[in-house]
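To keep things clear, I will list the structure first and then write my remarks on it.
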Amino acid sequence: MLTKLEILLIDNPGEIYYPGQELIGDVVVTLGKSCSVSKLLLTINGVGKTKFADRESGSKGPLKGKERYLNSALVLYQSQDKLTEVPAGTYSHGFACHLPDTLPASFEGKFGNIRYWLKATLERPWRQSKSCTIHFQVVRQLDLNDEVLLPVRSELTKALGYWPCIPSGILYASVELCTSGFVPGQFIPAVIQVNNKGNNKMTKIVTMLVQKVIYSAKRPFMFQKIERTIVCKNVTPGIGLPEGGVLAAENLQVPWVLPSSSYSFVVQIAYEVAVEFQFDTCFFNANQTVRVPVKIGVIPARDSNLIESKALRVWTREA
């Protein structure tokens, strides 16, 4: 029988933990025959990494970032004499580790990741060491009651046309939210105001909830890459207002997504409500977008019942 090494987590078969919890388990060593053992070492690791290329950075090679969140080592067994042999059998060595409250959540992305793992190493004199590794997940519960949530508003004024010679009018637009924090299942009520003083026909208003994953590199210099993903959207067609105003109330229902996170430097998760105004025109870059930052949490704010919970689509022409 060969030597066998296992890591068993106690009372957590799903291997999912929250910051502040205690990670408890056993390292089980099975020796098929007596042999010399110098040390049984357990390391607990948490690392965030990024790697990407970006033309705008001017770098000829990839940009990289790395951040360490956990780096603990526990000696579970150490022999006083390398010549002493341990009899064949099964041996269990318990361990416990408190997870810091500031750990970022586990994450897997296109340009980076945040991973946590345990590694047990059985060191034997004059023989190759034997090791065993298991990964575990860290999940954060963002409580919106601990956040400062205020109404938010963003505005846009844009001259449309063949820049800079042939102007076609000016677009005034604004997006306003009654609060800046939401949880999955809630609706985001966005009040949209538009005044299209131009000759361009507005064909669509697209309201989107966008996830922003911000990857940061430290080598060879500081640089950020932002990956935007649309998680849900509403499309309102047929807004034929060559000149005049429009007032809209749009509701986006938040699907299940990862909560906002800023506990890591190399990988951060943020969200925004983006409203795109699309025009029927050949003008370059005629479509315009207004963006409003929001936070997506797990535990709703106590006054969340004040937020409209039904999908509402009301359009009125300004007098």
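Each chain in the structure tokens gets a letter, A, B and so on, in the order shown; residues start at 1 in every chain, and ligands are counted from 1 in the order they appear.
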message: Residues near segment 171-174 of chain A, anyone? I mean within 12 Å using only C-alpha atoms, not counting same-chain ones fewer than 6 positions away, as a count of residues only.
response: 47
Set out as CSV a contact list for segment 89-192 of chain A and segment 217-236 of chain A with a cut-off of 12 Å, giving each residue of segment 89-192 of chain A that qualifies its closest atom pair and distance in Å to one decimal, counting only C-alpha atoms, ordered by chain and rising residue number.
residue,atom,partner,partner_atom,distance
A:Gly109,CA,A:Glu227,CA,9.6
A:Lys110,CA,A:Glu227,CA,8.8
A:Phe111,CA,A:Lys225,CA,8.8
A:Gly112,CA,A:Ala217,CA,10.0
A:Pro184,CA,A:Val231,CA,11.4
A:Phe187,CA,A:Cys232,CA,11.3
A:Ile188,CA,A:Lys233,CA,11.1
A:Pro189,CA,A:Asn234,CA,11.8
A:Ala190,CA,A:Asn234,CA,11.2
A:Ile192,CA,A:Thr236,CA,11.9
Can you build me a table of segment 138-225 of chain A residues sitting at most 12 Å from segment 81-104 of chain A, with the closest atom pair per residue and its distance in Å to one decimal, using only C-alpha atoms, sorted by chain and residue number, as CSV?
residue,atom,partner,partner_atom,distance
A:Val138,CA,A:Pro104,CA,7.4
A:Val139,CA,A:Pro104,CA,7.9
A:Arg140,CA,A:Pro104,CA,7.1
A:Gln141,CA,A:Pro104,CA,10.5
A:Leu142,CA,A:Pro104,CA,11.0
File of the preceding selection, N, CA and C atoms, as a PDB file, in the first residue's frame:
ATOM      1  N   VAL A 138     -14.482  31.518  -1.060  1.00  0.00           N
ATOM      2  CA  VAL A 138     -14.852  32.560  -0.101  1.00  0.00           C
ATOM      3  C   VAL A 138     -15.961  33.402  -0.716  1.00  0.00           C
ATOM      4  N   VAL A 139     -17.048  33.575   0.021  1.00  0.00           N
ATOM      5  CA  VAL A 139     -18.209  34.331  -0.446  1.00  0.00           C
ATOM      6  C   VAL A 139     -18.431  35.503   0.502  1.00  0.00           C
ATOM      7  N   ARG A 140     -18.618  36.680  -0.059  1.00  0.00           N
ATOM      8  CA  ARG A 140     -18.915  37.876   0.748  1.00  0.00           C
ATOM      9  C   ARG A 140     -20.389  38.220   0.646  1.00  0.00           C
ATOM     10  N   GLN A 141     -20.976  38.645   1.760  1.00  0.00           N
ATOM     11  CA  GLN A 141     -22.356  39.109   1.798  1.00  0.00           C
ATOM     12  C   GLN A 141     -22.345  40.619   2.046  1.00  0.00           C
ATOM     13  N   LEU A 142     -22.526  41.392   0.995  1.00  0.00           N
ATOM     14  CA  LEU A 142     -22.529  42.847   1.128  1.00  0.00           C
ATOM     15  C   LEU A 142     -23.870  43.295   1.704  1.00  0.00           C
TER      16      LEU A 142
END
message: Report, in Å to a single decimal, how far apart atom CA of Leu42 of chain A and atom CA of Tyr18 of chain A are.
response: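 Distance between the two atoms: 20.6 Å.
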- prompt: In segment 83-127 of chain A, what's strand (DSSP E) per DSSP? Answer as an MDAnalysis selection string?
  reply: chainID A and resid 85:86 89:98 107:108 112:123
Selection to disk with C-alpha atoms, as a tab-separated table (two decimals), in the first residue's frame:
chain	number	residue	atom	x	y	z
A	85	GLU	CA	10.61	5.58	11.55
A	86	VAL	CA	6.86	6.04	11.88
A	89	GLY	CA	-1.06	3.09	9.83
A	90	THR	CA	-3.44	6.04	9.51
A	91	TYR	CA	-2.75	9.30	11.37
A	92	SER	CA	-5.04	12.33	11.64
A	93	HIS	CA	-3.74	15.82	12.43
A	94	GLY	CA	-6.30	18.53	13.15
A	95	PHE	CA	-5.99	22.21	12.24
A	96	ALA	CA	-7.95	25.45	12.56
A	97	CYS	CA	-7.50	28.85	10.90
A	98	HIS	CA	-9.51	32.04	11.35
A	107	PHE	CA	-13.52	35.14	-8.51
A	108	GLU	CA	-12.76	33.69	-11.95
A	112	GLY	CA	-7.68	37.48	-13.63
A	113	ASN	CA	-8.84	35.46	-10.65
A	114	ILE	CA	-8.97	35.31	-6.85
A	115	ARG	CA	-8.34	31.81	-5.49
A	116	TYR	CA	-7.95	30.13	-2.08
A	117	TRP	CA	-6.43	26.74	-1.37
A	118	LEU	CA	-4.90	24.44	1.25
A	119	LYS	CA	-1.76	22.45	0.59
A	120	ALA	CA	-0.43	19.65	2.80
A	121	THR	CA	3.16	18.46	2.28
A	122	LEU	CA	4.67	15.31	3.78
A	123	GLU	CA	8.46	15.70	3.84
query: Taking the backbone alone, and naming residues the way the document does, which bits of segment 23-240 of chain A are helix (DSSP H, G or I) by DSSP, as a list of chain:residue names?
result: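 Of segment 23-240 of chain A, only A:Arg55, A:Glu56, A:Ser57, A:Leu144, A:Asn145, A:Asp146 fall in helix (DSSP H, G or I).
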For those residues, write N, CA, C and O atoms to a file as a CSV table (one decimal), in the first residue's frame.
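Now in out20.csv:
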chain,number,residue,atom,x,y,z
A,55,ARG,N,-3.2,47.6,-25.9
A,55,ARG,CA,-2.5,48.5,-26.8
A,55,ARG,C,-2.3,49.9,-26.2
A,55,ARG,O,-1.3,50.6,-26.5
A,56,GLU,N,-3.4,50.4,-25.5
A,56,GLU,CA,-3.3,51.7,-25.0
A,56,GLU,C,-2.2,51.9,-24.0
A,56,GLU,O,-1.8,53.1,-23.7
A,57,SER,N,-1.8,50.9,-23.3
A,57,SER,CA,-0.8,51.0,-22.3
A,57,SER,C,0.6,51.3,-22.8
A,57,SER,O,1.4,51.8,-22.1
A,144,LEU,N,-26.3,46.1,2.5
A,144,LEU,CA,-26.5,47.5,2.1
A,144,LEU,C,-26.8,48.4,3.3
A,144,LEU,O,-26.7,49.7,3.1
A,145,ASN,N,-27.2,47.9,4.4
A,145,ASN,CA,-27.4,48.7,5.6
A,145,ASN,C,-26.1,49.3,6.1
A,145,ASN,O,-26.2,50.3,6.9
A,146,ASP,N,-25.0,48.8,5.7
A,146,ASP,CA,-23.7,49.3,6.2
A,146,ASP,C,-23.1,50.3,5.2
A,146,ASP,O,-22.0,50.8,5.4
- prompt: For Leu70 of chain A, which residue among A:Val47, A:Leu31, A:Leu150, A:Val298 is the nearest when counting only C-alpha atoms?
  reply: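 Between A:Val47, A:Leu31, A:Leu150, A:Val298, the residue approaching Leu70 of chain A most closely is A:Val47.
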